[in-house]
>>> print(open('work-v4.cif').read())   # mmCIF, C-alpha atoms and all ligand atoms
data_input
loop_
_atom_site.label_atom_id
_atom_site.label_comp_id
_atom_site.auth_asym_id
_atom_site.auth_seq_id
_atom_site.Cartn_x
_atom_site.Cartn_y
_atom_site.Cartn_z
CA MET A 1 -35.02 16.65 6.82
CA ARG A 2 -31.31 17.46 7.18
CA SER A 3 -29.71 17.23 10.57
CA ILE A 4 -28.78 20.62 11.96
CA ALA A 5 -26.09 19.07 14.18
CA GLY A 6 -22.62 20.43 13.41
CA PRO A 7 -19.47 18.33 12.89
CA ALA A 8 -18.72 18.27 16.63
CA ALA A 9 -21.98 16.45 17.32
CA ARG A 10 -21.46 13.73 14.72
CA PRO A 11 -19.32 11.12 16.56
CA GLN A 12 -21.82 11.13 19.41
CA ALA A 13 -24.74 10.81 17.03
CA ARG A 14 -23.02 7.88 15.33
CA LYS A 15 -22.46 6.17 18.67
CA ARG A 16 -26.09 6.67 19.60
CA ARG A 17 -27.26 5.13 16.35
CA GLN A 18 -25.04 2.08 16.81
CA GLY A 19 -26.48 1.54 20.26
CA ARG A 20 -30.01 1.75 18.90
CA LEU A 21 -29.34 -1.16 16.57
CA ARG A 22 -29.25 -3.47 19.53
CA LEU A 23 -31.85 -6.18 19.46
CA VAL A 24 -33.34 -7.37 22.71
CA SER A 25 -34.65 -10.87 23.28
CA CYS A 26 -38.40 -11.29 23.25
CA ALA A 27 -40.11 -10.19 26.37
CA ARG A 28 -43.13 -12.44 26.75
CA GLU A 29 -43.16 -15.53 28.86
CA GLY A 30 -42.76 -18.73 26.95
CA ALA A 31 -41.28 -17.09 23.90
CA GLY A 32 -38.34 -19.17 22.79
CA TYR A 33 -36.77 -16.74 20.42
CA THR A 34 -33.61 -14.82 21.17
CA LEU A 35 -32.14 -12.33 18.78
CA PRO A 36 -28.40 -11.79 18.86
CA PHE A 37 -27.06 -8.36 19.64
CA ASN A 38 -25.89 -6.54 16.56
CA LEU A 39 -23.65 -3.57 17.11
CA GLU A 40 -22.24 -3.55 13.60
CA PRO A 41 -23.38 -0.49 11.67
CA GLU A 42 -25.47 -1.75 8.75
CA ARG A 43 -24.72 -0.74 5.20
CA LYS A 44 -27.79 1.11 4.04
CA ALA A 45 -29.75 -0.63 1.31
CA PRO A 46 -30.58 1.58 -1.68
CA HIS A 47 -34.09 3.01 -1.68
CA PRO A 48 -34.86 5.06 -4.78
CA ILE A 49 -38.63 5.46 -4.37
CA PRO A 50 -39.66 7.65 -1.44
CA TYR A 51 -42.88 6.07 -0.22
CA GLN A 52 -45.10 6.51 2.79
CA GLY A 53 -45.45 3.20 4.60
CA SER A 54 -42.15 1.89 3.26
CA LYS A 55 -40.81 -1.00 5.32
CA ARG A 56 -37.23 0.19 4.87
CA LEU A 57 -36.47 0.40 8.60
CA LEU A 58 -38.12 -2.90 9.48
CA ALA A 59 -36.89 -4.85 6.46
CA LYS A 60 -33.82 -6.34 8.10
CA HIS A 61 -35.98 -7.75 10.88
CA ILE A 62 -38.52 -9.18 8.46
CA LEU A 63 -35.65 -10.95 6.65
CA ARG A 64 -35.00 -12.95 9.82
CA PHE A 65 -38.06 -15.02 8.99
CA PHE A 66 -36.96 -15.90 5.47
CA PRO A 67 -36.16 -19.57 4.84
CA ASN A 68 -32.53 -20.31 3.93
CA ASP A 69 -33.31 -22.10 0.70
CA LEU A 70 -35.46 -19.47 -0.99
CA ASP A 71 -35.53 -18.90 -4.73
CA LEU A 72 -38.54 -16.64 -5.46
CA LEU A 73 -39.95 -13.81 -3.33
CA ILE A 74 -43.34 -12.40 -4.35
CA GLU A 75 -44.54 -8.96 -3.17
CA PRO A 76 -48.16 -8.43 -4.27
CA PHE A 77 -48.35 -4.99 -2.53
CA ALA A 78 -44.85 -3.86 -3.48
CA GLY A 79 -44.91 -0.05 -3.07
CA SER A 80 -41.25 0.90 -2.81
CA ALA A 81 -40.39 -2.82 -2.36
CA ALA A 82 -38.18 -2.21 0.67
CA VAL A 83 -38.29 -5.87 1.71
CA SER A 84 -37.38 -7.18 -1.75
CA ILE A 85 -34.52 -4.68 -2.00
CA ALA A 86 -33.21 -5.74 1.41
CA ALA A 87 -33.56 -9.42 0.45
CA ALA A 88 -31.68 -8.84 -2.81
CA SER A 89 -28.95 -6.85 -1.02
CA LYS A 90 -28.43 -9.65 1.49
CA GLY A 91 -28.58 -12.44 -1.11
CA LYS A 92 -31.64 -13.99 0.57
CA CYS A 93 -33.21 -15.12 -2.68
CA SER A 94 -32.47 -15.05 -6.36
CA ARG A 95 -35.73 -14.08 -8.10
CA PHE A 96 -38.40 -11.49 -7.38
CA HIS A 97 -41.93 -10.68 -8.45
CA LEU A 98 -42.99 -7.11 -7.64
CA ASN A 99 -46.63 -6.18 -8.11
CA ASP A 100 -48.69 -3.14 -7.19
CA ILE A 101 -52.10 -2.00 -8.37
CA ASN A 102 -50.71 1.49 -8.93
CA LYS A 103 -49.79 1.55 -12.64
CA PRO A 104 -47.60 4.70 -12.68
CA LEU A 105 -45.67 3.21 -9.75
CA MET A 106 -44.99 -0.03 -11.61
CA ALA A 107 -44.07 1.93 -14.75
CA LEU A 108 -41.56 3.79 -12.58
CA TRP A 109 -40.24 0.44 -11.32
CA HIS A 110 -39.80 -0.63 -14.92
CA ASP A 111 -37.70 2.43 -15.71
CA ILE A 112 -35.62 2.11 -12.53
CA VAL A 113 -34.76 -1.50 -13.31
CA HIS A 114 -34.42 -1.35 -17.09
CA ARG A 115 -33.60 2.29 -17.95
CA PRO A 116 -31.64 3.61 -14.95
CA ALA A 117 -29.69 6.24 -16.88
CA VAL A 118 -32.77 7.70 -18.56
CA ILE A 119 -34.84 8.00 -15.38
CA SER A 120 -31.88 9.37 -13.33
CA GLU A 121 -31.17 12.08 -15.90
CA ALA A 122 -34.83 13.02 -16.22
CA TYR A 123 -35.15 13.29 -12.42
CA GLU A 124 -32.05 15.46 -12.24
CA ALA A 125 -33.39 17.79 -14.96
CA LEU A 126 -36.71 18.22 -13.11
CA TRP A 127 -34.97 18.72 -9.78
CA ARG A 128 -32.62 21.40 -11.16
CA ALA A 129 -35.42 23.19 -13.00
CA GLN A 130 -37.26 23.81 -9.71
CA VAL A 131 -34.54 25.95 -8.11
CA GLY A 132 -35.88 29.35 -7.05
CA ASP A 133 -39.53 28.58 -7.88
CA GLU A 134 -40.09 25.24 -6.15
CA ASN A 135 -43.81 25.40 -5.50
CA ARG A 136 -44.87 26.59 -8.95
CA HIS A 137 -42.60 23.96 -10.47
CA PHE A 138 -44.22 21.26 -8.33
CA ALA A 139 -47.70 22.38 -9.41
CA LEU A 140 -46.64 22.32 -13.07
CA VAL A 141 -45.10 18.84 -12.81
CA ARG A 142 -48.20 17.56 -11.00
CA GLU A 143 -50.44 18.94 -13.75
CA ARG A 144 -48.28 17.33 -16.43
CA PHE A 145 -48.15 14.04 -14.56
CA ASN A 146 -51.95 13.98 -14.43
CA LEU A 147 -52.05 14.48 -18.21
CA THR A 148 -49.27 12.06 -19.19
CA GLY A 149 -48.55 9.63 -16.29
CA ARG A 150 -44.82 10.04 -17.03
CA THR A 151 -42.51 8.18 -14.67
CA ASP A 152 -39.98 10.99 -14.18
CA TYR A 153 -42.77 13.34 -13.13
CA PHE A 154 -44.02 10.72 -10.68
CA LEU A 155 -40.59 10.22 -9.13
CA TYR A 156 -40.13 13.97 -8.71
CA LEU A 157 -43.60 14.31 -7.12
CA LEU A 158 -42.90 11.48 -4.69
CA ALA A 159 -39.57 13.04 -3.75
CA ARG A 160 -41.16 16.44 -3.08
CA CYS A 161 -44.67 15.79 -1.78
CA VAL A 162 -45.87 15.74 1.82
CA LYS A 163 -44.74 12.55 3.61
CA ALA A 164 -43.97 10.92 0.23
CA SER A 165 -47.62 9.99 0.36
CA VAL A 166 -49.52 9.02 -2.78
CA ARG A 167 -52.93 10.70 -2.82
CA TYR A 168 -55.44 10.82 -5.64
CA ASN A 169 -58.77 12.62 -5.90
CA SER A 170 -61.95 10.82 -6.94
CA ASN A 171 -61.09 11.46 -10.62
CA GLY A 172 -57.82 9.59 -10.18
CA GLN A 173 -55.74 12.78 -10.30
CA PHE A 174 -52.66 12.98 -8.10
CA ASN A 175 -53.46 15.82 -5.67
CA GLN A 176 -50.87 15.68 -2.91
CA SER A 177 -49.24 19.01 -1.94
CA PRO A 178 -45.52 19.83 -1.91
CA ASP A 179 -43.57 19.65 1.32
CA ASN A 180 -42.24 23.18 1.52
CA ARG A 181 -39.43 22.20 3.89
CA ARG A 182 -37.57 20.08 1.38
CA ARG A 183 -36.47 20.14 -2.21
CA GLY A 184 -36.53 16.40 -2.76
CA ARG A 185 -33.72 13.90 -2.85
CA ASN A 186 -30.40 15.11 -4.19
CA PRO A 187 -30.06 13.85 -7.82
CA ARG A 188 -26.63 12.33 -7.22
CA GLU A 189 -27.89 10.21 -4.32
CA MET A 190 -31.00 9.34 -6.30
CA ARG A 191 -28.89 8.22 -9.24
CA ASP A 192 -26.69 6.03 -7.02
CA ASP A 193 -29.73 4.30 -5.53
CA ILE A 194 -31.41 3.85 -8.91
CA PHE A 195 -28.31 2.20 -10.38
CA ALA A 196 -27.79 0.05 -7.30
CA VAL A 197 -31.36 -1.24 -7.41
CA SER A 198 -31.23 -1.76 -11.17
CA HIS A 199 -28.10 -3.85 -10.65
CA LEU A 200 -29.78 -5.89 -7.90
CA PHE A 201 -32.95 -6.63 -9.87
CA SER A 202 -32.12 -6.64 -13.55
CA ARG A 203 -32.69 -10.02 -15.19
CA ARG A 204 -34.23 -11.48 -12.06
CA VAL A 205 -37.35 -9.45 -11.45
CA ARG A 206 -40.84 -9.76 -12.84
CA LEU A 207 -42.95 -6.60 -12.65
CA SER A 208 -46.74 -6.47 -12.86
CA SER A 209 -49.57 -4.13 -12.02
CA LEU A 210 -52.52 -6.31 -11.07
CA ASP A 211 -54.93 -6.68 -8.23
CA TYR A 212 -53.21 -8.83 -5.57
CA ARG A 213 -55.84 -11.56 -6.04
CA LYS A 214 -54.48 -12.23 -9.51
CA VAL A 215 -50.92 -12.61 -8.21
CA LEU A 216 -51.43 -14.90 -5.21
CA PRO A 217 -52.49 -17.94 -7.29
CA LEU A 218 -49.04 -17.86 -8.93
CA ALA A 219 -47.27 -18.61 -5.62
CA THR A 220 -46.16 -22.17 -4.86
CA GLU A 221 -44.94 -24.07 -1.79
CA ALA A 222 -41.36 -23.33 -2.77
CA ASP A 223 -41.81 -19.53 -2.80
CA LEU A 224 -42.25 -16.89 -0.12
CA VAL A 225 -44.96 -14.23 -0.32
CA TYR A 226 -44.44 -11.00 1.62
CA MET A 227 -47.61 -8.92 1.95
CA ASP A 228 -47.97 -5.37 3.19
CA PRO A 229 -51.49 -4.31 2.26
CA PRO A 230 -52.66 -0.75 2.95
CA TYR A 231 -53.76 -0.27 6.55
CA GLN A 232 -57.48 -0.31 7.00
CA GLY A 233 -58.69 3.11 7.98
CA THR A 234 -56.17 4.90 5.81
CA CYS A 235 -58.36 4.67 2.69
CA GLY A 236 -60.98 7.32 2.20
CA LYS A 237 -63.03 7.69 -0.95
CA ARG A 238 -60.58 10.19 -2.37
CA ASP A 239 -57.84 7.55 -2.20
CA SER A 240 -59.82 5.02 -4.13
CA ARG A 241 -57.06 4.38 -6.64
CA TYR A 242 -54.30 3.93 -4.07
CA CYS A 243 -56.28 1.62 -1.85
CA THR A 244 -58.38 -0.18 -4.39
CA GLY A 245 -60.34 -2.97 -2.88
CA VAL A 246 -58.53 -4.70 -0.06
CA ASP A 247 -61.73 -5.95 1.44
CA PHE A 248 -61.23 -7.70 4.79
CA ASP A 249 -63.30 -10.81 4.03
CA GLU A 250 -61.83 -11.25 0.57
CA PHE A 251 -58.36 -10.81 1.99
CA THR A 252 -58.82 -13.43 4.71
CA THR A 253 -60.27 -15.82 2.11
CA GLU A 254 -57.11 -15.35 0.05
CA LEU A 255 -54.92 -15.99 3.11
CA ASN A 256 -56.85 -19.18 3.78
CA ARG A 257 -56.30 -20.35 0.22
CA LEU A 258 -52.57 -19.71 0.48
CA THR A 259 -52.33 -21.72 3.69
CA ASP A 260 -54.40 -24.57 2.23
CA ARG A 261 -52.00 -24.71 -0.72
CA GLY A 262 -49.01 -24.81 1.66
CA VAL A 263 -47.64 -21.42 0.54
CA PRO A 264 -45.29 -19.79 3.07
CA PHE A 265 -46.09 -16.13 3.65
CA ILE A 266 -45.24 -13.19 5.90
CA LEU A 267 -47.88 -10.54 6.44
CA SER A 268 -47.39 -7.04 7.83
CA TYR A 269 -50.87 -6.29 8.91
CA ASP A 270 -51.88 -4.41 12.02
CA GLY A 271 -50.17 -2.49 14.74
CA ARG A 272 -50.64 -0.23 17.70
CA THR A 273 -49.40 3.10 18.91
CA GLY A 274 -49.75 3.53 22.64
CA GLU A 275 -53.25 2.34 23.44
CA LYS A 276 -54.58 2.75 19.91
CA THR A 277 -54.70 -0.37 17.75
CA TYR A 278 -55.00 -0.48 13.97
CA GLY A 279 -56.63 -3.13 11.87
CA ARG A 280 -59.45 -5.57 12.41
CA PRO A 281 -58.17 -8.71 14.19
CA LEU A 282 -57.42 -11.60 11.85
CA PRO A 283 -59.45 -14.77 12.49
CA ASP A 284 -57.77 -17.42 14.66
CA SER A 285 -58.83 -20.02 12.09
CA LEU A 286 -56.03 -18.75 9.83
CA ASN A 287 -53.60 -20.31 12.31
CA LEU A 288 -51.03 -17.53 11.91
CA HIS A 289 -48.03 -17.01 14.13
CA ARG A 290 -47.85 -13.42 15.37
CA ILE A 291 -44.66 -11.49 16.07
CA GLU A 292 -44.74 -7.97 17.44
CA ILE A 293 -42.01 -5.52 16.54
CA ASP A 294 -41.27 -2.43 18.58
CA ALA A 295 -40.79 0.12 15.82
CA GLY A 296 -39.87 3.02 18.11
CA ARG A 297 -41.60 6.31 18.78
CA SER A 298 -44.22 7.29 16.24
CA SER A 299 -43.49 10.53 14.41
CA GLN A 300 -47.08 11.66 14.99
CA ALA A 301 -46.68 11.17 18.75
CA THR A 302 -43.36 13.02 18.68
CA LEU A 303 -45.02 15.93 16.91
CA LEU A 304 -47.67 16.01 19.62
CA GLY A 305 -45.02 15.87 22.37
CA ARG A 306 -46.00 12.33 23.43
CA VAL A 307 -43.82 9.27 23.89
CA ASP A 308 -46.09 6.63 22.37
CA VAL A 309 -44.27 3.69 20.85
CA THR A 310 -45.49 2.06 17.67
CA TYR A 311 -45.64 -1.73 17.50
CA GLU A 312 -46.04 -3.44 14.16
CA SER A 313 -47.32 -6.98 13.82
CA LEU A 314 -45.90 -9.60 11.53
CA TYR A 315 -47.87 -12.77 10.86
CA LEU A 316 -46.19 -15.93 9.65
CA SER A 317 -48.23 -18.61 7.91
CA ALA A 318 -48.21 -22.17 9.29
CA PRO A 319 -46.33 -23.56 6.24
CA LEU A 320 -43.60 -20.96 6.80
CA VAL A 321 -43.30 -21.77 10.50
CA MET A 322 -42.97 -25.46 9.60
CA ARG A 323 -40.32 -24.75 7.00
CA LEU A 324 -38.34 -22.60 9.45
CA ALA A 325 -38.64 -25.23 12.17
CA LYS A 326 -37.26 -27.89 9.79
CA GLN A 327 -34.21 -25.86 8.91
CA ASP A 328 -33.43 -24.63 12.43
CA GLU A 329 -31.84 -26.77 15.09
CA LYS A 330 -32.83 -24.35 17.81
CA PRO A 331 -36.45 -23.22 17.82
CA ARG A 332 -36.48 -19.59 16.86
CA LEU A 333 -40.14 -18.88 17.26
CA GLY A 334 -42.10 -18.85 20.48
CA ALA A 335 -45.85 -18.35 20.61
CA ASN A 336 -46.68 -14.69 20.09
CA ALA A 337 -43.06 -13.64 20.47
CA GLN A 338 -42.38 -9.98 20.90
CA LEU A 339 -39.20 -8.60 19.43
CA SER A 340 -38.10 -5.36 20.91
CA LEU A 341 -36.15 -3.58 18.21
CA VAL A 342 -34.86 -0.61 20.09
CA GLY A 343 -35.26 2.48 17.95
CA ALA A 344 -35.58 0.48 14.73
C1 LIG B 401 -48.43 -0.14 2.63
S1 LIG B 401 -48.08 0.00 0.90
C2 LIG B 401 -46.74 -1.12 0.68
C3 LIG B 401 -45.45 -0.51 1.12
C4 LIG B 401 -44.25 -1.40 0.84
N1 LIG B 401 -44.16 -2.51 1.75
C5 LIG B 401 -42.95 -0.60 0.87
O1 LIG B 401 -41.97 -1.05 1.49
O2 LIG B 401 -42.91 0.47 0.28
C6 LIG B 401 -49.43 -0.85 0.19
C7 LIG B 401 -49.41 -0.91 -1.33
O3 LIG B 401 -50.50 -1.72 -1.77
C8 LIG B 401 -50.94 -1.23 -3.02
N2 LIG B 401 -52.30 -1.74 -3.23
C9 LIG B 401 -53.46 -1.26 -2.73
N3 LIG B 401 -54.50 -2.04 -3.13
C10 LIG B 401 -53.98 -3.05 -3.87
C11 LIG B 401 -54.53 -4.18 -4.55
N4 LIG B 401 -55.84 -4.42 -4.52
N5 LIG B 401 -53.70 -5.00 -5.23
C12 LIG B 401 -52.35 -4.76 -5.28
N6 LIG B 401 -51.78 -3.69 -4.66
C13 LIG B 401 -52.57 -2.85 -3.96
C14 LIG B 401 -50.83 0.29 -2.89
O4 LIG B 401 -50.74 0.92 -4.15
C15 LIG B 401 -49.56 0.44 -2.04
O5 LIG B 401 -48.44 0.69 -2.83
#
>>> encode(input="work-v4.cif", output="structure tokens", more="lines below")
Ligand SMILES: C[S@@+](CC[C@H](N)C(=O)[O-])C[C@H]1O[C@@H](n2cnc3c(N)ncnc32)[C@H](O)[C@@H]1O
Amino acid sequence: MRSIAGPAARPQARKRRQGRLRLVSCAREGAGYTLPFNLEPERKAPHPIPYQGSKRLLAKHILRFFPNDLDLLIEPFAGSAAVSIAAASKGKCSRFHLNDINKPLMALWHDIVHRPAVISEAYEALWRAQVGDENRHFALVRERFNLTGRTDYFLYLLARCVKASVRYNSNGQFNQSPDNRRRGRNPREMRDDIFAVSHLFSRRVRLSSLDYRKVLPLATEADLVYMDPPYQGTCGKRDSRYCTGVDFDEFTTELNRLTDRGVPFILSYDGRTGEKTYGRPLPDSLNLHRIEIDAGRSSQATLLGRVDVTYESLYLSAPLVMRLAKQDEKPRLGANAQLSLVGA
């Protein structure tokens, strides 16, 4: 939503945002990890696909746990691929494999990377055609998307629908409603982000639309896997296509296999808001290193007038911790470190 603050309020708002970028050292006893303060305003990474659950705001913190000598990053649950985009923007690795079970999403990724002009123009045409009759236009595009699966329709729907949240009915039809408060991303900004991402990824990305279990066996000791599976509890029957089959036991078996093969990975898995925790605890036998990130006030809590803070957990595999320890002179990880990312 656009800020309603006038020009006079802007310098103050900018100052506030800079302050909120400050990183505070971890709070728990015994944690040997100190993050430097960072008051430099960050250049925003491009983000062409609006996507609920995107890790855009946390990406820069996740990058802190990337090894220095990384060539290939694999994202089996890519979504809008915020972490890969951030990694590419910062030159953290040179090759990428993006995968997601959602086929229209990966088709959209294909067009963004390989046909940026075509998809930008098509989005702009759809966006302009809505003016004055936004809701009927949305309904028409949704109907056509369900018949054709076209990528420009999908991008427009994501830009206009409630919370940029992908929802399908039990017949696999996209059934999310429009957000009546917004018209969707401005086509000029969308075009800039599409071209920027195409530039970052072209000739160095592999795209696939497979179940994650088919992708993990491709990872080696030299790579890094970043996983952000759908939260448990967010998948009802009607979302069967979006959340297809991330069964807890199967998932932990796959994590075990990765660790046994010495594959470094980072997992965004559970979290908590106030007293409420999400996600079934991962077994200790996986020997994962847990980091907790203070992700700021939850929007749901804000809506309800509460001040609950959301914490997101990151889990690092033992092979990754060993690789980081080898390359760092100073230990940067303490047991169960908590990073407090003020307002991240
Ligand atoms: C929480 S989202 C990932 C968000 C992503 N980190 C981002 O920055 O946008 C989880 C993704 O996993 C995908 N997914 C669900 N089940 C899957 C499966 N079995 N295999 C591969 N991808 C799956 C969903 O389509 C969804 O895009």
>>> residues_near_ligand(input="work-v4.cif", ligand="ligand LIG 401 (chain B)", cutoff="8 Å", atoms="only C-alpha atoms and all ligand atoms", output="ChimeraX atom specification")
/A:51-56,76-83,99-102,105,209-213,227-231,241-246
>>> write_last_selection(input="work-v4.cif", atoms="C-alpha atoms", output="PDB file, in the coordinates of the input")
ATOM      1  CA  TYR A  51     -42.880   6.070  -0.220  1.00  0.00           C
ATOM      2  CA  GLN A  52     -45.100   6.510   2.790  1.00  0.00           C
ATOM      3  CA  GLY A  53     -45.450   3.200   4.600  1.00  0.00           C
ATOM      4  CA  SER A  54     -42.150   1.890   3.260  1.00  0.00           C
ATOM      5  CA  LYS A  55     -40.810  -1.000   5.320  1.00  0.00           C
ATOM      6  CA  ARG A  56     -37.230   0.190   4.870  1.00  0.00           C
ATOM      7  CA  PRO A  76     -48.160  -8.430  -4.270  1.00  0.00           C
ATOM      8  CA  PHE A  77     -48.350  -4.990  -2.530  1.00  0.00           C
ATOM      9  CA  ALA A  78     -44.850  -3.860  -3.480  1.00  0.00           C
ATOM     10  CA  GLY A  79     -44.910  -0.050  -3.070  1.00  0.00           C
ATOM     11  CA  SER A  80     -41.250   0.900  -2.810  1.00  0.00           C
ATOM     12  CA  ALA A  81     -40.390  -2.820  -2.360  1.00  0.00           C
ATOM     13  CA  ALA A  82     -38.180  -2.210   0.670  1.00  0.00           C
ATOM     14  CA  VAL A  83     -38.290  -5.870   1.710  1.00  0.00           C
ATOM     15  CA  ASN A  99     -46.630  -6.180  -8.110  1.00  0.00           C
ATOM     16  CA  ASP A 100     -48.690  -3.140  -7.190  1.00  0.00           C
ATOM     17  CA  ILE A 101     -52.100  -2.000  -8.370  1.00  0.00           C
ATOM     18  CA  ASN A 102     -50.710   1.490  -8.930  1.00  0.00           C
ATOM     19  CA  LEU A 105     -45.670   3.210  -9.750  1.00  0.00           C
ATOM     20  CA  SER A 209     -49.570  -4.130 -12.020  1.00  0.00           C
ATOM     21  CA  LEU A 210     -52.520  -6.310 -11.070  1.00  0.00           C
ATOM     22  CA  ASP A 211     -54.930  -6.680  -8.230  1.00  0.00           C
ATOM     23  CA  TYR A 212     -53.210  -8.830  -5.570  1.00  0.00           C
ATOM     24  CA  ARG A 213     -55.840 -11.560  -6.040  1.00  0.00           C
ATOM     25  CA  MET A 227     -47.610  -8.920   1.950  1.00  0.00           C
ATOM     26  CA  ASP A 228     -47.970  -5.370   3.190  1.00  0.00           C
ATOM     27  CA  PRO A 229     -51.490  -4.310   2.260  1.00  0.00           C
ATOM     28  CA  PRO A 230     -52.660  -0.750   2.950  1.00  0.00           C
ATOM     29  CA  TYR A 231     -53.760  -0.270   6.550  1.00  0.00           C
ATOM     30  CA  ARG A 241     -57.060   4.380  -6.640  1.00  0.00           C
ATOM     31  CA  TYR A 242     -54.300   3.930  -4.070  1.00  0.00           C
ATOM     32  CA  CYS A 243     -56.280   1.620  -1.850  1.00  0.00           C
ATOM     33  CA  THR A 244     -58.380  -0.180  -4.390  1.00  0.00           C
ATOM     34  CA  GLY A 245     -60.340  -2.970  -2.880  1.00  0.00           C
ATOM     35  CA  VAL A 246     -58.530  -4.700  -0.060  1.00  0.00           C
TER      36      VAL A 246
END
>>> atom_distance(input="work-v4.cif", atom1="atom CA of Pro116 of chain A", atom2="atom CA of Met190 of chain A")
10.4 Å
>>> residues_around(input="work-v4.cif", residues="segment 60-63 of chain A", least_positions_apart="5", cutoff="9 Å", atoms="all atoms listed in the file", output="number ranges by chain")
A: 83, 86-87, 90, 92, 266, 293, 314, 341
>>> write_last_selection(input="work-v4.cif", atoms="C-alpha atoms", output="compact mmCIF listing (two decimals), keeping the file's coordinate frame")
# COMPACT_ATOMS: atom_id res chain seq x y z
CA VAL A 83 -38.29 -5.87 1.71
CA ALA A 86 -33.21 -5.74 1.41
CA ALA A 87 -33.56 -9.42 0.45
CA LYS A 90 -28.43 -9.65 1.49
CA LYS A 92 -31.64 -13.99 0.57
CA ILE A 266 -45.24 -13.19 5.90
CA ILE A 293 -42.01 -5.52 16.54
CA LEU A 314 -45.90 -9.60 11.53
CA LEU A 341 -36.15 -3.58 18.21
>>> atom_distance(input="work-v4.cif", atom1="atom CA of Arg142 of chain A", atom2="atom CA of Ala164 of chain A")
13.7 Å
>>> atom_distance(input="work-v4.cif", atom1="atom CA of Gly149 of chain A", atom2="atom CA of Pro104 of chain A")
6.2 Å
>>> closest_residue(input="work-v4.cif", among="A:Leu73, A:Val141, A:Val309, A:Val263", to="Met322 of chain A", atoms="only C-alpha atoms")
A:Val263
>>> residues_around(input="work-v4.cif", residues="Ala88 of chain A", least_positions_apart="4", cutoff="10 Å", atoms="only C-alpha atoms", output="PyMOL selection string")
chain A and resi 45+73+82-84+92-96+197+199-201+204
>>> residues_near_point(input="work-v4.cif", point="(-35.7, 15.0, -5.0)", cutoff="7 Å", atoms="all atoms listed in the file", output="NGL selection string")
:A and (127 or 156 or 159-160 or 183-187)
>>> write_last_selection(input="work-v4.cif", atoms="C-alpha atoms", output="PDB file, in the coordinates of the input")
ATOM      1  CA  TRP A 127     -34.970  18.720  -9.780  1.00  0.00           C
ATOM      2  CA  TYR A 156     -40.130  13.970  -8.710  1.00  0.00           C
ATOM      3  CA  ALA A 159     -39.570  13.040  -3.750  1.00  0.00           C
ATOM      4  CA  ARG A 160     -41.160  16.440  -3.080  1.00  0.00           C
ATOM      5  CA  ARG A 183     -36.470  20.140  -2.210  1.00  0.00           C
ATOM      6  CA  GLY A 184     -36.530  16.400  -2.760  1.00  0.00           C
ATOM      7  CA  ARG A 185     -33.720  13.900  -2.850  1.00  0.00           C
ATOM      8  CA  ASN A 186     -30.400  15.110  -4.190  1.00  0.00           C
ATOM      9  CA  PRO A 187     -30.060  13.850  -7.820  1.00  0.00           C
TER      10      PRO A 187
END
>>> closest_residue(input="work-v4.cif", among="A:Arg150, A:Arg181, A:Arg136, A:Arg64", to="Lys103 of chain A", atoms="all atoms listed in the file")
A:Arg150
>>> build_atoms(input="work-v4.cif", residues="segment 52-62 of chain A", atoms="N, CA and C atoms", output="PDB file, in the coordinates of the input")
ATOM      1  N   GLN A  52     -44.516   6.606   1.450  1.00  0.00           N
ATOM      2  CA  GLN A  52     -45.100   6.510   2.790  1.00  0.00           C
ATOM      3  C   GLN A  52     -45.463   5.044   3.083  1.00  0.00           C
ATOM      4  N   GLY A  53     -45.131   4.594   4.252  1.00  0.00           N
ATOM      5  CA  GLY A  53     -45.450   3.200   4.600  1.00  0.00           C
ATOM      6  C   GLY A  53     -44.365   2.235   4.176  1.00  0.00           C
ATOM      7  N   SER A  54     -43.262   2.768   3.653  1.00  0.00           N
ATOM      8  CA  SER A  54     -42.150   1.890   3.260  1.00  0.00           C
ATOM      9  C   SER A  54     -41.672   1.089   4.474  1.00  0.00           C
ATOM     10  N   LYS A  55     -41.297  -0.149   4.231  1.00  0.00           N
ATOM     11  CA  LYS A  55     -40.810  -1.000   5.320  1.00  0.00           C
ATOM     12  C   LYS A  55     -39.287  -0.970   5.408  1.00  0.00           C
ATOM     13  N   ARG A  56     -38.691   0.104   4.931  1.00  0.00           N
ATOM     14  CA  ARG A  56     -37.230   0.190   4.870  1.00  0.00           C
ATOM     15  C   ARG A  56     -36.572  -0.079   6.235  1.00  0.00           C
ATOM     16  N   LEU A  57     -37.118   0.541   7.297  1.00  0.00           N
ATOM     17  CA  LEU A  57     -36.470   0.400   8.600  1.00  0.00           C
ATOM     18  C   LEU A  57     -36.726  -0.958   9.254  1.00  0.00           C
ATOM     19  N   LEU A  58     -37.806  -1.598   8.867  1.00  0.00           N
ATOM     20  CA  LEU A  58     -38.120  -2.900   9.480  1.00  0.00           C
ATOM     21  C   LEU A  58     -37.622  -4.068   8.645  1.00  0.00           C
ATOM     22  N   ALA A  59     -37.184  -3.775   7.411  1.00  0.00           N
ATOM     23  CA  ALA A  59     -36.890  -4.850   6.460  1.00  0.00           C
ATOM     24  C   ALA A  59     -35.908  -5.875   7.018  1.00  0.00           C
ATOM     25  N   LYS A  60     -34.847  -5.384   7.644  1.00  0.00           N
ATOM     26  CA  LYS A  60     -33.820  -6.340   8.100  1.00  0.00           C
ATOM     27  C   LYS A  60     -34.382  -7.306   9.151  1.00  0.00           C
ATOM     28  N   HIS A  61     -35.383  -6.861   9.882  1.00  0.00           N
ATOM     29  CA  HIS A  61     -35.980  -7.750  10.880  1.00  0.00           C
ATOM     30  C   HIS A  61     -36.944  -8.735  10.232  1.00  0.00           C
ATOM     31  N   ILE A  62     -37.601  -8.287   9.192  1.00  0.00           N
ATOM     32  CA  ILE A  62     -38.520  -9.180   8.460  1.00  0.00           C
ATOM     33  C   ILE A  62     -37.704 -10.300   7.783  1.00  0.00           C
TER      34      ILE A  62
END
